[in-house]
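Here is the structure we will look at, set down as structure tokens.
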Amino acid sequence: MSDTPLLRASRLFKRFGGVMAVNDVSFAVQEGQILALIGPNGAGKTTTFNLISGTHGPDQGEVIFRDRRISGSRPSQIAQQGLARTFQNLQIFGEMTVLENVMAGCHLQGTAGFLAAALRLPKAGAEEKRMRGQAMSYLEQTGLAERAHDPAGSLPFGQQRLVEIARGLAVQPQLLLLDEPAAGLNRTETEELDRLILRIRDQGISVLLVEHDMNLVMAIADHVVVLHYGSKIAEGSPAQVQANPDVIAAYLGDDWAAPPRREAADA
Amino acid sequence: MKRLLIARLGSPNLIAFLIMALGLAAAPVFIDNNYIITVLTIIALFTMLTIGLSLLMGYAGQISLGQATFFGIGAYSMAIFSTRLGLSPWLSLLAGMILAGGVAYLLGMLIFRLHGHYLAMATLGMNIILYLILTQQVDWTGGPSGFRGVPDLSIGGMTLSTDTHYYYLIWFFALITIALSLNIVNSRVGRAMRALHSSEIAAETLGIDTGRFKLQVFALSAAYSALAGGLYASFLGFISPSSFTINASIKIVLMAVVGGLSSIWGATFGAAAILVIEQWLRTAIKSLVPGASGEQEIIAFGLILMLIMIFMPEGLVTGAGKALRARIARRKPERAQPAGG
Ligand SMILES: Nc1ncnc2c1ncn2[C@@H]1O[C@H](COP(=O)(O)OP(=O)(O)OP(=O)(O)O)[C@@H](O)[C@H]1O
Ligand SMILES: [Mg+2]
């Protein structure tokens with residue numbers, strides 16, 4: 001691990017009307033780390049993701065990624081820097097095939113514009129073939145190769161989550177943000193996801209994970225940050241966080257034990 | 001060059017394309033009727049216009065109720081550049097496309113900040129402004145009474161003069177437009193456009209510069225429309241502002257909707273269907289309701305649009321294609337592979 005972190009979020013604030021969705025949140029993701037961002041419903045986890053990925057701009061604070069300030073940039077520019085994400089409320093391209101979804105994720109790996117595409121220049125053809133191969137390899141990694149040619153919208157919920165992960169991998173990011181990837185998955189699927197996330201980390205991609213499934217978090221996270229009502233109330237190793245009285249209080253106070261019902265977060 | 005363009009299209013598209021090209025090439029041999037040849041030529045023009053709109057609305061998700069603006073820019077560029085500025089007709093055609101594309105790009109920078117209804121309004125406004133310019137700038141445009149004496153195009157010393165010449169020329173360009181558009185749709189940029197249509201937020205986070213794509217597609221659709229406009233001006237030799245009003249824009253929307261917004265073939269079909277119905281209505285309404293005027297035609301089109309939106313919101317070609325695929329899939333439980341186009 002190098003001493004400068006891969007990503008540093010400094011004193012982020014975001015208010016929606018009367019709600020302080022994110023209230024002075026700072027943390028850092030080290031290279032090669034799986035960092036879990038946890039907290040009760042409405043704690044501000046998705047909003048934090050939106051601030052990092054550029055979907056929303058922070059009211060205050062900044063995000064530094066690979067020594068560059070990314071807050072204030074467009075999401076597409078942030079993606080170009082090597083940051084990809086998935087969405088809690090799925091943002092799949094439902095009418096496109098699973099393969100096309102992932103090939104859309106390969107967008108930055110290509111350069112062919114309208115002219116090259118319209119005239120089918122040899123360069124564009126070669127690029128297309130390469131992207132198809134890359135996309136297929138991401139589908140194989142995520143166990144979706146069988147469904148490559150199905151419309152993505154026709155897949156069951158759990159597999160649509162995997163399509164988003166494959167699509168995010170196709171960006172070839174250095175940091176992948178996963179917003180509740182296990183929501184809606186059954187036991188075995190969650191265990192497979194477990195292994196998938198570890199494999200992703202082992203490829204050198206750092207992971208920032210929002211997750212309600214505590215077993216998953218405890219099993220794979222290197223570091224945990226806990227949010228509550230928009231504020232950071234604790235951080236540390238999974239064991240440290242689990243033993244933290246503030247964290248326990250936050251969870252007992254809320255219906256943490258119940259599975260999250262609300263899927264319609266913003267994004 | 002045509003062969004090169006289409007050689008690598010997906011095979012169902014390639015077969016459909018070849019059948020269509022052969023049919024169109026042979027048609028004048030069997031049809032000895034100038035009226036029908038002219039209607040077919042107009043279908044080719046509206047195919048280009050509708051494909052432009054279909055790319056914009058169906059693939060990039062941006063509304064335009066003002067496509068006739070660029071049709072008009074193309075037509076008047078052909079007329080004015082070739083007669084007043086002394087450019088050759090071919091250069092005038094090209095200049096019109098570049099001008100329309102440039103205007104679209106600049107206007108897009110202003111109006112694509114708007115969404116939904118506001119964007120629709122802005123494009124309508126753009127069309128109204130063009131109409132005002134065309135009717136007011138009499139010295140350049142000939143004003144409301146139109147512009148006479150648009151020169152004919154010529155190929156290798158042969159001046160195109162007959163309806164059949166223009167039939168071949170304009171369908172040649174329409175087919176090229178179809179081929180290029182099919183290629184675009186099934187490419188990296190095509191995926192980016194469809195992604196942006198489906199979820200702009202997700203497309204952005206994949207590194208797709210959605211703002212730039214919208215502008216590029218708008219400019220492309222404008223260039224297609226201007227191509228149609230320039231060819232139209234040479235074909236008729238006479239143009240007037242009334243061909244480039246909001247009514248024409250709405251007709252293009254109707255064609256795109258009838259064919260299905262996300263379908264290049266649908267756009268062709270929609271253009272043909274609406275123009276044939278229009279011709280038929282003109283005679284049918286007159287014999288059914290003596291003394292009927294253009295108003296009835298508009299009412300009939302309104303009804304068609306409503307019925308399609310209610311029963312087949314994806315348009316006839318896309319909707320029918322889906323129904324067919326669903327049927328085949330039920331009979332044979334195999335995976336259907338949706339082909340683009
Ligand atoms: N776009 C928005 N507009 C208004 N309020 C919002 C918006 N996004 C989030 N909020 C509010 O901000 C707070 C934090 O929401 P956020 O979605 O970030 O929580 P979360 O931790 O992801 O919750 P969950 O576990 O339910 O997904 C909530 O009170 C939510 O209602
Ligand atoms: Mg959330």
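By convention here, the chains of the structure tokens are called A, B, ... in the order presented, each chain's residues are numbered starting at 1, and ligands are numbered starting at 1 in the order presented.
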
Can I get the residues of chain A within 6 Å of chain B, each with the closest pair of atoms and their distance in Å to one decimal, using only C-alpha atoms, sorted chain first then ascending number, as CSV?
```
residue,atom,partner,partner_atom,distance
A:Pro75,CA,B:Thr205,CA,5.2
A:Ser76,CA,B:Gly207,CA,3.8
A:Ala79,CA,B:Gly207,CA,4.9
A:Gln80,CA,B:Gly207,CA,5.7
A:Gln91,CA,B:Ala202,CA,6.0
A:Phe93,CA,B:Ser198,CA,5.5
A:Ala104,CA,B:Arg191,CA,5.8
A:Gly105,CA,B:Leu206,CA,5.4
A:Ala117,CA,B:Ile184,CA,5.2
A:Ala118,CA,B:Leu180,CA,4.5
A:Leu119,CA,B:Leu5,CA,5.7
A:His149,CA,B:Gln337,CA,5.8
```

Give me the residues within 12 Å of Leu160 of chain B as a list in words, counting only C-alpha atoms and dropping any in the same chain fewer than 5 places off.
Pro89, Pro151, Asp152, Leu153, Ser154, Ile155, His165, Tyr166, Tyr167, Tyr168, Leu169, Ile170, Leu231, Ser234, Phe235, Leu236 and Gly237 of chain B

Output C-alpha atoms for every residue in the selection just made, as a PDB file, in the first residue's frame.
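Produced file part.pdb, reproduced below:
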```pdb
ATOM      1  CA  PRO B  89     -25.236  22.502 -57.218  1.00  0.00           C
ATOM      2  CA  PRO B 151     -30.765  24.406 -60.891  1.00  0.00           C
ATOM      3  CA  ASP B 152     -30.709  20.720 -61.684  1.00  0.00           C
ATOM      4  CA  LEU B 153     -27.943  18.468 -60.452  1.00  0.00           C
ATOM      5  CA  SER B 154     -25.787  16.776 -63.024  1.00  0.00           C
ATOM      6  CA  ILE B 155     -23.626  13.671 -63.027  1.00  0.00           C
ATOM      7  CA  HIS B 165     -33.509  10.532 -63.022  1.00  0.00           C
ATOM      8  CA  TYR B 166     -34.372  12.103 -59.700  1.00  0.00           C
ATOM      9  CA  TYR B 167     -36.082   8.948 -58.543  1.00  0.00           C
ATOM     10  CA  TYR B 168     -32.792   7.070 -58.947  1.00  0.00           C
ATOM     11  CA  LEU B 169     -30.637   9.844 -57.538  1.00  0.00           C
ATOM     12  CA  ILE B 170     -32.748  10.445 -54.455  1.00  0.00           C
ATOM     13  CA  LEU B 231     -32.296  17.171 -53.342  1.00  0.00           C
ATOM     14  CA  SER B 234     -33.330  20.476 -57.300  1.00  0.00           C
ATOM     15  CA  PHE B 235     -36.005  17.891 -57.993  1.00  0.00           C
ATOM     16  CA  LEU B 236     -38.863  20.394 -57.967  1.00  0.00           C
ATOM     17  CA  GLY B 237     -36.913  23.399 -59.199  1.00  0.00           C
TER      18      GLY B 237
END
```

Judged by only C-alpha atoms and all ligand atoms, the minimum distance to ligand 2 among A:Val171, A:Leu6, A:Leu209, A:Leu115 is found for A:Leu209

Would you mind listing, for every residue of chain A within 7 Å of ligand 2, the two atoms forming the shortest contact and the distance between them in Å to one decimal, using only C-alpha atoms and all ligand atoms, sorted by chain and ascending residue number, as JSON lines?
```
{"residue": "A:Gly42", "atom": "CA", "partner": "ligand 2", "partner_atom_place_in_ligand_line": "1 (Mg)", "distance": 6.8}
{"residue": "A:Gly44", "atom": "CA", "partner": "ligand 2", "partner_atom_place_in_ligand_line": "1 (Mg)", "distance": 6.9}
{"residue": "A:Lys45", "atom": "CA", "partner": "ligand 2", "partner_atom_place_in_ligand_line": "1 (Mg)", "distance": 5.4}
{"residue": "A:Thr46", "atom": "CA", "partner": "ligand 2", "partner_atom_place_in_ligand_line": "1 (Mg)", "distance": 4.0}
{"residue": "A:Gln88", "atom": "CA", "partner": "ligand 2", "partner_atom_place_in_ligand_line": "1 (Mg)", "distance": 6.1}
{"residue": "A:Asp179", "atom": "CA", "partner": "ligand 2", "partner_atom_place_in_ligand_line": "1 (Mg)", "distance": 6.8}
{"residue": "A:Ala265", "atom": "CA", "partner": "ligand 2", "partner_atom_place_in_ligand_line": "1 (Mg)", "distance": 5.5}
```

Spatial neighbours of Gly32 of chain A, 7 Å, only C-alpha atoms, chain gap at least 2 places, as a ChimeraX atom specification: /A:30,34,201,204-206

Let's have the selection written as a JSON list (two decimals), in the first residue's frame, with C-alpha atoms.
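To be explicit, this is the file written out as out-v2.json:
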```json
[["chain", "number", "residue", "atom", "x", "y", "z"],
["A", 30, "GLN", "CA", -6.39, 2.71, 0.10],
["A", 34, "ILE", "CA", -12.28, -3.33, 0.10],
["A", 201, "ARG", "CA", -9.94, -6.95, -5.51],
["A", 204, "GLY", "CA", -5.97, -4.89, -8.34],
["A", 205, "ILE", "CA", -9.29, -3.07, -8.39],
["A", 206, "SER", "CA", -10.14, -1.40, -5.11]]
```

Q.
What does the list of residues within 9 Å of ligand 1 look like if you count only C-alpha atoms and all ligand atoms, written as a PyMOL selection string?
A. chain A and resi 14-22+37-50+56+88-89+179-180+210-212+227-230+260-267

Go through segment 61-277 of chain B and collect every residue that DSSP, computed from the backbone, puts in alpha helix (DSSP H); the answer should be as number ranges by chain. B: 68-83, 89-111, 116-136, 138-141, 163-185, 188-198, 200-205, 210-236, 246-259, 264-277

Worksheet item: Nearest to Ser145 of chain B among B:Phe112, B:Gly61, B:Ser242, B:Gly96, with distances taken over only C-alpha atoms: which residue is it?
Response: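 Ranked by minimum distance to Ser145 of chain B, first place goes to B:Ser242.
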
For this session: Tell me which protein, DNA and RNA residues are within 9 Å of Ala28 of chain A, counting only C-alpha atoms, leaving out same-chain ones fewer than 5 positions away, and put them as a PyMOL selection string.
Result: chain A and resi 5-10+35

Neighbour list for Gln159 of chain A as a list of chain:residue names, cut-off 10 Å, only C-alpha atoms, skip fewer than 3 positions in-chain |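 Result of the neighbour search: A:Val98, A:Thr142, A:Gly143, A:Leu144, A:Arg147, A:Ala152, A:Gly153, A:Ser154, A:Leu155, A:Pro156, A:Leu162, A:Val163, A:Glu164, A:Ile165, A:Gly184, A:Leu185, A:Glu189.
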
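Coordinates place atom CA of Phe244 of chain B at a distance of 9.5 Å from atom CA of Ile128 of chain B.
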
Query raised in the report: What lies within 10 Å of Gln203 of chain A using only C-alpha atoms, ignoring chain neighbours under 4 positions off, as number ranges by chain?
Result: A: 32, 174, 197-199

Give me the residues near Ala95 of chain B as a PDB file with all heavy atoms, in the first residue's frame, where near means some atom within 10 Å (using only C-alpha atoms) and where sequence neighbours in that chain fewer than 6 positions away do not count.
```pdb
ATOM      1  N   GLY B  74     -31.531  23.136 -45.935  1.00  0.00           N
ATOM      2  CA  GLY B  74     -30.929  22.407 -47.062  1.00  0.00           C
ATOM      3  C   GLY B  74     -31.491  22.881 -48.390  1.00  0.00           C
ATOM      4  O   GLY B  74     -30.741  23.120 -49.355  1.00  0.00           O
ATOM      5  N   SER B  77     -30.422  26.508 -49.063  1.00  0.00           N
ATOM      6  CA  SER B  77     -28.989  26.572 -49.347  1.00  0.00           C
ATOM      7  C   SER B  77     -28.745  26.178 -50.797  1.00  0.00           C
ATOM      8  O   SER B  77     -27.977  26.827 -51.508  1.00  0.00           O
ATOM      9  CB  SER B  77     -28.217  25.617 -48.435  1.00  0.00           C
ATOM     10  OG  SER B  77     -28.322  26.032 -47.107  1.00  0.00           O
ATOM     11  N   MET B  78     -29.387  25.105 -51.202  1.00  0.00           N
ATOM     12  CA  MET B  78     -29.243  24.667 -52.588  1.00  0.00           C
ATOM     13  C   MET B  78     -29.654  25.798 -53.536  1.00  0.00           C
ATOM     14  O   MET B  78     -28.938  26.132 -54.483  1.00  0.00           O
ATOM     15  CB  MET B  78     -30.116  23.422 -52.810  1.00  0.00           C
ATOM     16  CG  MET B  78     -30.157  22.943 -54.235  1.00  0.00           C
ATOM     17  SD  MET B  78     -28.507  22.532 -54.840  1.00  0.00           S
ATOM     18  CE  MET B  78     -28.645  20.775 -54.945  1.00  0.00           C
ATOM     19  N   PHE B  81     -27.222  29.268 -52.656  1.00  0.00           N
ATOM     20  CA  PHE B  81     -25.790  29.117 -52.932  1.00  0.00           C
ATOM     21  C   PHE B  81     -25.539  28.908 -54.427  1.00  0.00           C
ATOM     22  O   PHE B  81     -24.573  29.421 -54.983  1.00  0.00           O
ATOM     23  CB  PHE B  81     -25.189  27.957 -52.143  1.00  0.00           C
ATOM     24  CG  PHE B  81     -25.130  28.207 -50.656  1.00  0.00           C
ATOM     25  CD1 PHE B  81     -25.056  27.147 -49.766  1.00  0.00           C
ATOM     26  CD2 PHE B  81     -25.153  29.495 -50.141  1.00  0.00           C
ATOM     27  CE1 PHE B  81     -25.004  27.364 -48.402  1.00  0.00           C
ATOM     28  CE2 PHE B  81     -25.098  29.728 -48.783  1.00  0.00           C
ATOM     29  CZ  PHE B  81     -25.027  28.656 -47.910  1.00  0.00           C
ATOM     30  N   LEU B  87     -21.977  28.814 -56.414  1.00  0.00           N
ATOM     31  CA  LEU B  87     -21.432  27.475 -56.146  1.00  0.00           C
ATOM     32  C   LEU B  87     -22.083  26.482 -57.091  1.00  0.00           C
ATOM     33  O   LEU B  87     -23.186  26.706 -57.580  1.00  0.00           O
ATOM     34  CB  LEU B  87     -21.739  27.050 -54.704  1.00  0.00           C
ATOM     35  CG  LEU B  87     -21.019  27.743 -53.552  1.00  0.00           C
ATOM     36  CD1 LEU B  87     -21.339  27.055 -52.245  1.00  0.00           C
ATOM     37  CD2 LEU B  87     -19.521  27.736 -53.798  1.00  0.00           C
ATOM     38  N   PRO B  89     -24.137  23.111 -57.980  1.00  0.00           N
ATOM     39  CA  PRO B  89     -25.236  22.502 -57.218  1.00  0.00           C
ATOM     40  C   PRO B  89     -24.747  21.451 -56.214  1.00  0.00           C
ATOM     41  O   PRO B  89     -25.258  21.399 -55.093  1.00  0.00           O
ATOM     42  CB  PRO B  89     -26.105  21.874 -58.300  1.00  0.00           C
ATOM     43  CG  PRO B  89     -25.861  22.711 -59.514  1.00  0.00           C
ATOM     44  CD  PRO B  89     -24.424  23.120 -59.428  1.00  0.00           C
ATOM     45  N   GLY B 101     -25.938  21.206 -40.140  1.00  0.00           N
ATOM     46  CA  GLY B 101     -25.284  20.512 -39.035  1.00  0.00           C
ATOM     47  C   GLY B 101     -24.707  21.509 -38.033  1.00  0.00           C
ATOM     48  O   GLY B 101     -24.855  21.337 -36.817  1.00  0.00           O
ATOM     49  N   ALA B 223     -28.048  17.233 -40.794  1.00  0.00           N
ATOM     50  CA  ALA B 223     -27.360  17.059 -42.078  1.00  0.00           C
ATOM     51  C   ALA B 223     -28.174  16.148 -43.007  1.00  0.00           C
ATOM     52  O   ALA B 223     -28.309  16.424 -44.201  1.00  0.00           O
ATOM     53  CB  ALA B 223     -25.962  16.485 -41.846  1.00  0.00           C
ATOM     54  N   ALA B 226     -30.994  18.205 -44.311  1.00  0.00           N
ATOM     55  CA  ALA B 226     -30.551  19.174 -45.310  1.00  0.00           C
ATOM     56  C   ALA B 226     -30.235  18.486 -46.639  1.00  0.00           C
ATOM     57  O   ALA B 226     -30.473  19.043 -47.716  1.00  0.00           O
ATOM     58  CB  ALA B 226     -29.327  19.925 -44.802  1.00  0.00           C
ATOM     59  N   LEU B 227     -29.720  17.278 -46.557  1.00  0.00           N
ATOM     60  CA  LEU B 227     -29.495  16.491 -47.777  1.00  0.00           C
ATOM     61  C   LEU B 227     -30.822  16.309 -48.506  1.00  0.00           C
ATOM     62  O   LEU B 227     -30.938  16.566 -49.711  1.00  0.00           O
ATOM     63  CB  LEU B 227     -28.872  15.137 -47.406  1.00  0.00           C
ATOM     64  CG  LEU B 227     -28.723  14.114 -48.526  1.00  0.00           C
ATOM     65  CD1 LEU B 227     -27.771  14.625 -49.603  1.00  0.00           C
ATOM     66  CD2 LEU B 227     -28.221  12.774 -47.973  1.00  0.00           C
ATOM     67  N   GLY B 230     -31.929  19.733 -50.021  1.00  0.00           N
ATOM     68  CA  GLY B 230     -31.230  20.140 -51.233  1.00  0.00           C
ATOM     69  C   GLY B 230     -31.688  19.335 -52.444  1.00  0.00           C
ATOM     70  O   GLY B 230     -31.920  19.889 -53.532  1.00  0.00           O
TER      71      GLY B 230
END
```
